[in-house]
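What follows is a single structure, written as structure tokens, with notes after it.
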Amino acid sequence: MNAPANPAGVLPLSETLFSVPSIRCAGCISKLEDGLALTPGIAAARVNFTARRVAVTHLPELTLPDLTNAIGALGFEAQPLAAATAGVDRESRMLLRALAVAGFASMNVMLLSVSVWSGADGATRSLFYWLSALIALPTVAYAGRPFFRSAWAALRHGRTNMDVPISIGVLLTCAISLFETITGGAHAYFDGAVMLLFFLLTGRVLDSVMRDRARDGVTALLKHTAPGALVLNAGGGTIWREAQSLAPNMRMIVAAGERLAADGVIETGMSRFDLSLLTGESAPQPVRAGDAVHAGTLNVDAPVTVRVTAAGPDTAIADIARMMESATQSRSHYVRIADRAARLYAPAVHALAALSFAGWMIAGAGWHQALMIAVAVLIVTCPCALGLAVPVAQIVACGALMRAGILVKDGSALERLAEADRALLDKTGTLTLGRPEPVDRTGLDARQKSIALALARTSRHPLSQALRRTLEAEGIAAAEVESIAETPGMGLTGRFGGKAVAIGRAEMGGADLACRFEIEGERAETILFRDRLRPGAEVLPGQLAALGLPASILSGDRAAAVAPVARALGLTAQTAMHPQDKLDAIARLTAAGAKVLMVGDGLNDGPALAAGHVSMAPASASDAGQNAADAVWLGDGIASVAIAIRAARATMRVVRQNFALAIGYNIVAVPLAIAGLVTPLIAALAMSGSSLIVIGNALRLRRAAR
Amino acid sequence: MNGIAILIPIALTLGLTGLAAFFWALRGGQFDDLDGAALRILIDEDEPLRRD
């Protein structure tokens with residue numbers, strides 16, 4: 001709408017997509033679009049608010065870091081998105097077009113049908129039927145494709161799904177109606193066929209829109225933490241290289257607060273590395289020259305130079321990714337409830353139609369009358385309400401969960417979540433926040449806090465960031481501290497009111513992290529940091545037990561670090577587990593008949609998340625964790641796990657009620673159809689009536705996520 | 001019968017026009033960002049600010 005025109009239409013421009021999760025309001029949109037358009041080299045920027053994305057059209061010379069910095073200069077954090085994630089919403093577009101055509105056709109065919117029902121006769125009726133055929137047949141050919149394709153795929157593999165009875169019903173109805181029209185018969189069901197498609201497509205469109213939204217939400221969260229690294233070149237200068245173009249023996253400089261983009265060995269410098277995403281270990285590990293470090297880990301303290309030993313597909317992370325891929329395959333065997341219903345329903349319906357045909361033939365009716373009755377049976381039983389019963393309920397529930405900050409990736413995730421009867425919880429980053437938080441700040445008074453904030457906010461060090469977050473949340477205003485300087489690995493110094501002030505490292509025993517805060521001439525204060533439990537973690541085991549899911553902890557961390565958490569929550573724990581151990585633990589439980597809900601966040605949880613019957617991850621999880629999980633929750637609180645399970649079970653209750661309603665309607669309507677009493681008018685009324693009842697029942701789930 | 005001969009083509013043409021308009025809007029990307037469209041009405045400038 002207000003995207004500026006391309007000023008250099010002749011130049012070849014490239015387009016890059018960024019995920020910008022912090023876009024919140026109209027102001028953000030105009031700030032980003034106008035601000036970027038003023039940046040040299042950028043031709044245009046277009047914000048997609050729904051997906052929290054910016055598409056930037058720019059000169060090919062601009063590199064990724066340039067663009068990220070340009071967005072950063074406007075006050076937004078941006079992550080480049082792979083082009084592959086850009087154009088995947090083709091399916092919902094296609095369905096939307098089919099829905100529009102079906103909607104147009106059912107309106108117009110219904111218009112003609114109403115005239116026939118109100119008494120149009122003879123030549124008029126024949127004309128109206130011809131017109132209906134003219135509208136309905138191309139519509140069925142176009143809008144019915146999603147069903148025909150899926151039904152054909154199922155039949156070819158010797159299976160059946162909901163789309164098989166739908167396709168057979170629609171095609172037979174059209175065929176017999178066309179025959180009636182040609183022979184000038186009294187009953188044509190074109191309206192029924194297109195209306196059926198319209199109702200069913202509505203369900204499909206909603207389903208796919210909801211999936212797109214959840215997927216966009218998850219993509220926007222993906223951090224792509226180390227898309228590259230600063231590499232030293234022969235001349236002593238540095239150059240930015242993307243992760244996929246890193247190669248062994250390159251030397252990269254890793255600043256404090258940066259994630260490694262490749263596996264390597266430390267050449268110079270010493271620091272501590274946060275391995276929590278990779279191993280689940282909560283305390284940063286000290287590393288020095290000669291130590292091996294892995295991609296995906298976070299440098300906590302000081303800059304180091306790392307010689308790359310493995311990049312891309314050879315890294316330890318890539319191994320985990322492969323393990324995850326093979327674990328995912330077990331899940332693809334899951335059969336969704338609608339398809340399970342269809343396996344019983346389709347043969348029953350087709351047998352019933354065949355029996356009515358045979359019955360009327362034996363009873364002496366003509367083959368024409370017998371066929372009409374058989375088709376009426378098919379139309380009446382065509383699973384209109386049944387096809388809507390599952391998707392509508394799941395969409396309404398997914399919408400409610402999304403408003404509560406829980407993104408569910410698809411409907412089958414809800415079905416599996418409702419079935420779960422055993423919970424396995426990761427510790428670091430799942431039960432705990434996975435980031436250090438200042439524990440005890442009572443030692444600092446308001447003046448000291450404001451000085452500490454002024455110092456801490458200038459640094460990217462994780463502890464500084466944690467201190468800044470906490471102090472800002474307390475509403476502290478930063479003091480005017482001058483000449484602030486950061487010595488990597490040592491701390492921050494500055495001057496306040498003529499006195500030297502400093503935050504520096506403090507050596508503490510055990511797993512705790514700490515820093516020392518000093519004002520010249522005053523007693524030094526130690527600020528302790530600890531990985532806190534997530535809000536709501538204390539009550540989670542009780543909630544899960546009440547829902548019938550006994551829980552236990554699976555952690556990659558040392559026993560000493562897991563014990564306090566396990567004790568506080570009253571859970572049993574297995575510790576020091578490798579990704580393969582977690583997989584084995586799940587496999588054992590699954591073999592014993594349990595349906596495991598896995599809740600985890602790290603790379604090391606990825607395979608377990610993929611192998612669990614169903615899985616959830618917090619938004620702070622690693623990319624691998626979020627990709628493998630069926631649902632991702634936003635925010636710090638872990639209560640979302642129990643909310644999601646309750647909502648999933650409520651959804652399944654409504655789905656079963658919907659099935660009961662749809663079947664109940666069939667029990668009333670089928671005898672009428674077999675008796676030959678169903679006219680096109682009755683079929684149309686019954687069809688729309690039952691669909692509306694099912695939709696209305698599903699709408700009750702709007703408050704499911706409370 | 002004469003009335004019908006005029007009215008039915010009119011009804012169908014109107015419907016088809018609506019359908020075509022919807023397809024055009026869909027292809028133009030007008031349904032890609034529904035939440036954003038709701039917010040863009042609040043943005044004042046139609047043109048980005050120019051540097052002096």
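Starting from 1 in every chain, residues are counted up; chains themselves are A, B, ... following the order of the structure tokens, and ligands are numbered from 1 as listed.
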Mind dumping a table of every chain A residue within 9 Å of chain B, with the nearest atom pair and its distance in Å to one decimal, using only C-alpha atoms, sorted by chain and rising number, as a Markdown table?
```
| residue | atom | partner | partner_atom | distance |
| --- | --- | --- | --- | --- |
| A:Met1 | CA | B:Asp46 | CA | 8.2 |
| A:Asn2 | CA | B:Asp46 | CA | 5.4 |
| A:Ala3 | CA | B:Glu47 | CA | 8.0 |
| A:Pro4 | CA | B:Glu47 | CA | 6.8 |
| A:Cys25 | CA | B:Leu39 | CA | 7.1 |
| A:Ala26 | CA | B:Leu39 | CA | 5.2 |
| A:Gly27 | CA | B:Ile43 | CA | 7.1 |
| A:Ile29 | CA | B:Arg40 | CA | 7.8 |
| A:Ser30 | CA | B:Ile43 | CA | 6.7 |
| A:Glu33 | CA | B:Pro48 | CA | 7.9 |
| A:Asp34 | CA | B:Pro48 | CA | 5.0 |
| A:Gly35 | CA | B:Pro48 | CA | 8.1 |
| A:Ala37 | CA | B:Pro48 | CA | 7.4 |
| A:Leu38 | CA | B:Arg50 | CA | 7.5 |
| A:Val47 | CA | B:Gly36 | CA | 8.0 |
| A:Asn48 | CA | B:Asp33 | CA | 5.6 |
| A:Phe49 | CA | B:Gly36 | CA | 4.6 |
| A:Thr50 | CA | B:Asp33 | CA | 5.3 |
| A:Ala51 | CA | B:Asp33 | CA | 7.6 |
| A:Arg93 | CA | B:Leu26 | CA | 7.8 |
| A:Leu96 | CA | B:Leu26 | CA | 8.7 |
| A:Arg97 | CA | B:Phe23 | CA | 7.0 |
| A:Ala100 | CA | B:Leu19 | CA | 6.8 |
| A:Val101 | CA | B:Leu19 | CA | 7.0 |
| A:Phe104 | CA | B:Gly15 | CA | 6.5 |
| A:Ala105 | CA | B:Gly15 | CA | 8.8 |
| A:Met107 | CA | B:Gly15 | CA | 8.7 |
| A:Asn108 | CA | B:Leu12 | CA | 7.2 |
| A:Thr124 | CA | B:Met1 | CA | 8.2 |
```
Near Ala452 of chain A, counting only C-alpha atoms, which residues have an atom at most 12 Å away, once you skip same-chain residues fewer than 5 positions from it, shown as a PyMOL selection string? chain A and resi 441+444-447+457-459+463-472+476-481+484+491-496+501-504+515-519+525-527
From segment 124-370 of chain A, collect each residue whose DSSP state is helix (DSSP H, G or I) and return the set as a ChimeraX atom specification. /A:124-143,145-156,163-182,190-221,243-245,276-279,312-314,316-333,337-362,367-370
Please produce a file of the residues just selected, as a short mmCIF file (atom, residue, chain, number, x, y, z; two decimals), in the first residue's frame, where the atoms kept are C-alpha atoms.
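The new file result_34.cif reads:
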```cif
data_model
loop_
_atom_site.label_atom_id
_atom_site.label_comp_id
_atom_site.auth_asym_id
_atom_site.auth_seq_id
_atom_site.Cartn_x
_atom_site.Cartn_y
_atom_site.Cartn_z
CA THR A 124 -38.34 -23.82 -16.62
CA ARG A 125 -37.19 -26.63 -14.36
CA SER A 126 -35.26 -28.20 -17.17
CA LEU A 127 -33.59 -24.85 -17.97
CA PHE A 128 -32.68 -24.32 -14.31
CA TYR A 129 -31.20 -27.78 -14.03
CA TRP A 130 -29.12 -27.19 -17.15
CA LEU A 131 -27.89 -23.89 -15.73
CA SER A 132 -27.09 -25.61 -12.41
CA ALA A 133 -25.13 -28.29 -14.26
CA LEU A 134 -23.26 -25.59 -16.16
CA ILE A 135 -22.19 -24.01 -12.86
CA ALA A 136 -21.78 -27.13 -10.73
CA LEU A 137 -19.78 -29.42 -12.99
CA PRO A 138 -16.79 -27.08 -13.56
CA THR A 139 -16.94 -26.19 -9.86
CA VAL A 140 -16.73 -29.81 -8.78
CA ALA A 141 -13.87 -30.36 -11.19
CA TYR A 142 -12.00 -27.38 -9.77
CA ALA A 143 -12.92 -27.20 -6.08
CA ARG A 145 -9.43 -31.53 -6.49
CA PRO A 146 -8.07 -31.46 -2.90
CA PHE A 147 -10.47 -34.28 -1.99
CA PHE A 148 -10.05 -36.30 -5.17
CA ARG A 149 -6.27 -36.11 -4.92
CA SER A 150 -6.16 -37.23 -1.30
CA ALA A 151 -8.76 -39.96 -1.90
CA TRP A 152 -6.85 -41.27 -4.91
CA ALA A 153 -3.59 -41.29 -2.95
CA ALA A 154 -5.26 -43.26 -0.16
CA LEU A 155 -6.91 -45.76 -2.52
CA ARG A 156 -3.69 -46.32 -4.44
CA ASP A 163 -11.95 -38.16 1.39
CA VAL A 164 -12.91 -41.46 -0.25
CA PRO A 165 -16.63 -41.39 0.70
CA ILE A 166 -16.65 -37.63 0.02
CA SER A 167 -15.23 -38.07 -3.48
CA ILE A 168 -17.46 -41.01 -4.36
CA GLY A 169 -20.51 -39.18 -3.00
CA VAL A 170 -19.82 -35.97 -4.91
CA LEU A 171 -18.96 -37.68 -8.18
CA LEU A 172 -21.93 -40.08 -8.10
CA THR A 173 -24.29 -37.24 -7.20
CA CYS A 174 -23.07 -35.19 -10.12
CA ALA A 175 -23.32 -38.13 -12.51
CA ILE A 176 -26.88 -39.06 -11.55
CA SER A 177 -27.98 -35.39 -11.52
CA LEU A 178 -26.59 -34.91 -14.99
CA PHE A 179 -28.45 -38.00 -16.12
CA GLU A 180 -31.67 -36.65 -14.57
CA THR A 181 -31.15 -33.32 -16.29
CA ILE A 182 -30.62 -34.92 -19.68
CA PHE A 190 -26.33 -30.26 -7.95
CA ASP A 191 -26.99 -27.98 -4.99
CA GLY A 192 -26.15 -30.79 -2.58
CA ALA A 193 -22.86 -31.56 -4.32
CA VAL A 194 -21.52 -28.00 -4.37
CA MET A 195 -22.80 -27.20 -0.89
CA LEU A 196 -21.04 -30.29 0.43
CA LEU A 197 -17.79 -29.11 -1.16
CA PHE A 198 -18.30 -25.62 0.25
CA PHE A 199 -18.78 -26.83 3.83
CA LEU A 200 -15.89 -29.26 3.69
CA LEU A 201 -13.55 -26.71 2.09
CA THR A 202 -14.40 -24.27 4.87
CA GLY A 203 -13.03 -26.83 7.33
CA ARG A 204 -9.94 -27.43 5.23
CA VAL A 205 -9.18 -23.72 4.77
CA LEU A 206 -9.50 -23.00 8.49
CA ASP A 207 -7.29 -25.98 9.25
CA SER A 208 -4.55 -24.86 6.89
CA VAL A 209 -4.74 -21.18 7.91
CA MET A 210 -4.30 -22.22 11.54
CA ARG A 211 -1.33 -24.41 10.66
CA ASP A 212 0.27 -21.55 8.69
CA ARG A 213 -0.15 -19.23 11.63
CA ALA A 214 1.38 -21.62 14.12
CA ARG A 215 4.22 -22.30 11.72
CA ASP A 216 4.85 -18.58 11.15
CA GLY A 217 4.80 -18.06 14.90
CA VAL A 218 7.37 -20.76 15.41
CA THR A 219 9.54 -19.54 12.53
CA ALA A 220 9.54 -16.07 14.02
CA LEU A 221 10.92 -17.56 17.22
CA ALA A 243 27.99 -20.67 8.70
CA GLN A 244 27.67 -22.77 5.55
CA SER A 245 30.82 -21.26 4.01
CA SER A 276 23.26 -26.03 28.19
CA LEU A 277 21.63 -26.22 24.76
CA LEU A 278 23.93 -29.06 23.72
CA THR A 279 24.20 -31.16 26.87
CA GLY A 312 28.16 -27.73 8.52
CA PRO A 313 27.10 -31.39 8.27
CA ASP A 314 30.14 -32.67 10.21
CA ALA A 316 28.12 -32.52 16.64
CA ILE A 317 24.83 -30.64 16.15
CA ALA A 318 24.33 -32.21 12.74
CA ASP A 319 24.66 -35.67 14.35
CA ILE A 320 21.84 -34.81 16.71
CA ALA A 321 19.79 -33.56 13.76
CA ARG A 322 20.22 -36.92 12.01
CA MET A 323 19.21 -38.77 15.17
CA MET A 324 16.12 -36.55 15.31
CA GLU A 325 15.18 -37.29 11.73
CA SER A 326 15.13 -41.03 12.30
CA ALA A 327 13.18 -40.58 15.56
CA THR A 328 10.49 -38.56 13.73
CA GLN A 329 9.61 -41.47 11.48
CA SER A 330 7.96 -43.42 14.29
CA ARG A 331 5.44 -40.63 14.63
CA SER A 332 4.35 -40.70 11.00
CA HIS A 333 2.57 -44.00 11.70
CA ILE A 337 -9.09 -39.83 14.57
CA ALA A 338 -10.96 -38.68 11.46
CA ASP A 339 -9.20 -41.30 9.37
CA ARG A 340 -9.83 -43.96 11.99
CA ALA A 341 -13.53 -43.03 11.86
CA ALA A 342 -13.45 -43.11 8.06
CA ARG A 343 -12.08 -46.66 8.08
CA LEU A 344 -15.29 -47.80 9.78
CA TYR A 345 -17.59 -45.29 8.13
CA ALA A 346 -16.73 -45.57 4.45
CA PRO A 347 -17.36 -49.33 4.04
CA ALA A 348 -20.56 -49.06 6.11
CA VAL A 349 -21.96 -46.24 3.97
CA HIS A 350 -21.11 -47.86 0.68
CA ALA A 351 -22.52 -51.20 1.80
CA LEU A 352 -25.72 -49.45 2.88
CA ALA A 353 -26.10 -47.71 -0.49
CA ALA A 354 -25.47 -50.96 -2.34
CA LEU A 355 -27.97 -52.80 -0.14
CA SER A 356 -30.70 -50.19 -0.72
CA PHE A 357 -30.11 -50.46 -4.48
CA ALA A 358 -30.31 -54.25 -4.34
CA GLY A 359 -33.30 -54.15 -1.98
CA TRP A 360 -35.35 -51.86 -4.23
CA MET A 361 -34.43 -53.89 -7.32
CA ILE A 362 -35.63 -57.06 -5.60
CA TRP A 367 -33.33 -49.69 -11.93
CA HIS A 368 -33.72 -45.93 -12.29
CA GLN A 369 -35.72 -45.57 -9.10
CA ALA A 370 -33.43 -47.95 -7.21
#
```
To one decimal place in Å, what is the distance between atom CA of Leu589 of chain A and atom CA of Ala611 of chain A?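 Distance between the two atoms: 11.3 Å.
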Please return as a compact mmCIF listing (two decimals) with N, CA and C atoms, in the first residue's frame: the residues of segment 380-625 of chain A that backbone DSSP assigns to strand (DSSP E).
```txt
# COMPACT_ATOMS: atom_id res chain seq x y z
N ILE A 406 0.11 -20.44 23.46
CA ILE A 406 0.59 -21.79 23.15
C ILE A 406 0.35 -22.05 21.67
N LEU A 407 1.43 -22.27 20.93
CA LEU A 407 1.30 -22.52 19.50
C LEU A 407 1.29 -24.02 19.26
N VAL A 408 0.17 -24.51 18.73
CA VAL A 408 0.08 -25.94 18.43
C VAL A 408 0.27 -26.11 16.94
N ARG A 422 1.95 -40.15 30.35
CA ARG A 422 3.21 -40.19 31.08
C ARG A 422 3.95 -38.94 30.64
N ALA A 423 4.57 -38.24 31.61
CA ALA A 423 5.29 -37.01 31.25
C ALA A 423 6.76 -37.14 31.61
N LEU A 424 7.64 -36.76 30.68
CA LEU A 424 9.07 -36.70 30.96
C LEU A 424 9.50 -35.26 30.78
N LEU A 425 10.19 -34.73 31.78
CA LEU A 425 10.55 -33.33 31.75
C LEU A 425 12.07 -33.18 31.75
N THR A 432 13.63 -25.21 34.62
CA THR A 432 14.26 -23.95 35.03
C THR A 432 14.22 -23.00 33.84
N LEU A 433 14.57 -21.75 34.07
CA LEU A 433 14.51 -20.76 33.01
C LEU A 433 15.63 -20.95 31.99
N GLY A 434 16.72 -21.60 32.41
CA GLY A 434 17.82 -21.82 31.48
C GLY A 434 18.69 -20.60 31.29
N ARG A 435 18.52 -19.63 32.13
CA ARG A 435 19.39 -18.46 32.06
C ARG A 435 19.62 -17.99 33.49
N PRO A 436 20.81 -17.46 33.78
CA PRO A 436 21.08 -17.03 35.14
C PRO A 436 20.23 -15.81 35.51
N GLU A 437 19.72 -15.81 36.74
CA GLU A 437 18.97 -14.66 37.24
C GLU A 437 19.59 -14.26 38.56
N PRO A 438 19.71 -12.97 38.84
CA PRO A 438 20.25 -12.56 40.14
C PRO A 438 19.37 -13.13 41.25
N GLU A 482 30.05 7.83 34.06
CA GLU A 482 30.89 8.30 32.95
C GLU A 482 32.02 7.32 32.66
N SER A 483 32.60 7.53 31.50
CA SER A 483 33.76 6.77 31.00
C SER A 483 33.68 5.29 31.35
N ILE A 484 32.59 4.66 30.86
CA ILE A 484 32.43 3.22 31.08
C ILE A 484 33.32 2.46 30.11
N ALA A 485 34.04 1.49 30.62
CA ALA A 485 34.89 0.67 29.76
C ALA A 485 34.72 -0.79 30.13
N GLU A 486 34.82 -1.69 29.12
CA GLU A 486 34.69 -3.11 29.39
C GLU A 486 36.00 -3.80 29.08
N THR A 487 36.53 -4.56 30.04
CA THR A 487 37.70 -5.38 29.79
C THR A 487 37.20 -6.82 29.66
N GLY A 491 35.60 -7.41 33.43
CA GLY A 491 34.42 -6.72 33.90
C GLY A 491 34.29 -5.32 33.34
N LEU A 492 33.43 -4.53 34.00
CA LEU A 492 33.13 -3.18 33.55
C LEU A 492 33.61 -2.19 34.59
N THR A 493 34.16 -1.06 34.11
CA THR A 493 34.55 -0.01 35.04
C THR A 493 33.96 1.30 34.57
N GLY A 494 33.84 2.27 35.48
CA GLY A 494 33.31 3.58 35.12
C GLY A 494 33.53 4.54 36.27
N ARG A 495 33.08 5.78 36.10
CA ARG A 495 33.22 6.75 37.19
C ARG A 495 31.86 7.35 37.49
N PHE A 496 31.53 7.46 38.79
CA PHE A 496 30.26 8.06 39.20
C PHE A 496 30.54 9.03 40.34
N LYS A 499 33.96 8.96 41.86
CA LYS A 499 34.49 7.70 42.40
C LYS A 499 34.52 6.62 41.33
N ALA A 500 35.50 5.73 41.43
CA ALA A 500 35.56 4.61 40.50
C ALA A 500 34.51 3.58 40.89
N VAL A 501 33.75 3.08 39.90
CA VAL A 501 32.78 2.02 40.16
C VAL A 501 33.09 0.87 39.22
N ALA A 502 32.78 -0.36 39.65
CA ALA A 502 33.12 -1.51 38.81
C ALA A 502 32.20 -2.69 39.09
N ILE A 503 31.95 -3.47 38.01
CA ILE A 503 31.35 -4.79 38.18
C ILE A 503 32.38 -5.75 37.62
N GLY A 504 32.78 -6.73 38.40
CA GLY A 504 33.81 -7.63 37.91
C GLY A 504 33.47 -9.05 38.25
N ARG A 505 34.35 -9.96 37.80
CA ARG A 505 34.06 -11.37 38.06
C ARG A 505 34.40 -11.71 39.50
N LEU A 513 27.00 -18.87 39.77
CA LEU A 513 27.70 -17.80 39.09
C LEU A 513 27.57 -16.57 39.98
N ALA A 514 28.57 -15.69 39.90
CA ALA A 514 28.47 -14.50 40.72
C ALA A 514 29.28 -13.38 40.09
N CYS A 515 28.96 -12.14 40.44
CA CYS A 515 29.83 -11.05 40.07
C CYS A 515 29.93 -10.09 41.26
N ARG A 516 30.97 -9.27 41.23
CA ARG A 516 31.24 -8.42 42.36
C ARG A 516 30.98 -6.99 41.95
N PHE A 517 30.29 -6.25 42.81
CA PHE A 517 29.97 -4.85 42.50
C PHE A 517 30.70 -3.97 43.50
N GLU A 518 31.46 -3.01 43.01
CA GLU A 518 32.32 -2.22 43.89
C GLU A 518 32.13 -0.73 43.62
N ILE A 519 32.07 0.06 44.68
CA ILE A 519 32.18 1.51 44.58
C ILE A 519 33.40 1.90 45.40
N GLU A 525 30.09 -5.65 47.08
CA GLU A 525 28.93 -6.53 47.23
C GLU A 525 29.04 -7.66 46.20
N THR A 526 28.64 -8.85 46.61
CA THR A 526 28.63 -9.96 45.66
C THR A 526 27.18 -10.20 45.21
N ILE A 527 26.99 -10.26 43.90
CA ILE A 527 25.66 -10.56 43.38
C ILE A 527 25.68 -12.00 42.88
N LEU A 528 24.82 -12.83 43.47
CA LEU A 528 24.76 -14.25 43.09
C LEU A 528 23.76 -14.43 41.96
N PHE A 529 24.10 -15.33 41.04
CA PHE A 529 23.18 -15.64 39.96
C PHE A 529 22.85 -17.13 40.01
N ARG A 530 21.64 -17.47 39.72
CA ARG A 530 21.27 -18.87 39.70
C ARG A 530 20.19 -19.08 38.63
N ASP A 531 20.16 -20.30 38.13
CA ASP A 531 19.12 -20.67 37.16
C ASP A 531 17.85 -20.99 37.95
N ARG A 532 16.88 -20.07 37.92
CA ARG A 532 15.68 -20.24 38.73
C ARG A 532 14.71 -21.25 38.12
N LEU A 533 13.82 -21.79 38.98
CA LEU A 533 12.71 -22.59 38.46
C LEU A 533 11.76 -21.68 37.70
N ALA A 551 4.93 -37.87 36.32
CA ALA A 551 6.04 -37.18 35.66
C ALA A 551 7.37 -37.60 36.27
N SER A 552 8.44 -37.50 35.49
CA SER A 552 9.78 -37.64 36.04
C SER A 552 10.73 -36.81 35.19
N ILE A 553 11.95 -36.62 35.74
CA ILE A 553 12.91 -35.73 35.09
C ILE A 553 13.94 -36.55 34.32
N LEU A 554 14.23 -36.12 33.08
CA LEU A 554 15.34 -36.67 32.31
C LEU A 554 16.30 -35.53 32.08
N ALA A 573 14.41 -38.52 39.19
CA ALA A 573 15.17 -37.97 38.09
C ALA A 573 16.22 -38.96 37.62
N GLN A 574 16.46 -38.96 36.31
CA GLN A 574 17.61 -39.65 35.75
C GLN A 574 18.56 -38.58 35.26
N VAL A 596 4.05 -41.15 25.83
CA VAL A 596 4.93 -40.23 26.53
C VAL A 596 4.77 -38.80 26.02
N LEU A 597 4.54 -37.88 26.95
CA LEU A 597 4.63 -36.46 26.63
C LEU A 597 6.03 -36.01 27.03
N MET A 598 6.82 -35.57 26.05
CA MET A 598 8.19 -35.12 26.33
C MET A 598 8.19 -33.59 26.34
N VAL A 599 8.71 -33.00 27.41
CA VAL A 599 8.83 -31.56 27.46
C VAL A 599 10.30 -31.23 27.58
N VAL A 614 4.07 -37.24 21.97
CA VAL A 614 3.75 -35.84 21.72
C VAL A 614 4.79 -35.04 22.51
N SER A 615 5.07 -33.80 22.10
CA SER A 615 6.13 -33.07 22.78
C SER A 615 5.84 -31.58 22.81
N MET A 616 6.36 -30.93 23.84
CA MET A 616 6.20 -29.48 23.97
C MET A 616 7.55 -28.86 24.29
N ALA A 617 7.74 -27.61 23.86
CA ALA A 617 8.98 -26.91 24.13
C ALA A 617 8.67 -25.46 24.45
N PRO A 618 9.48 -24.82 25.30
CA PRO A 618 9.28 -23.39 25.55
C PRO A 618 9.84 -22.57 24.39
```
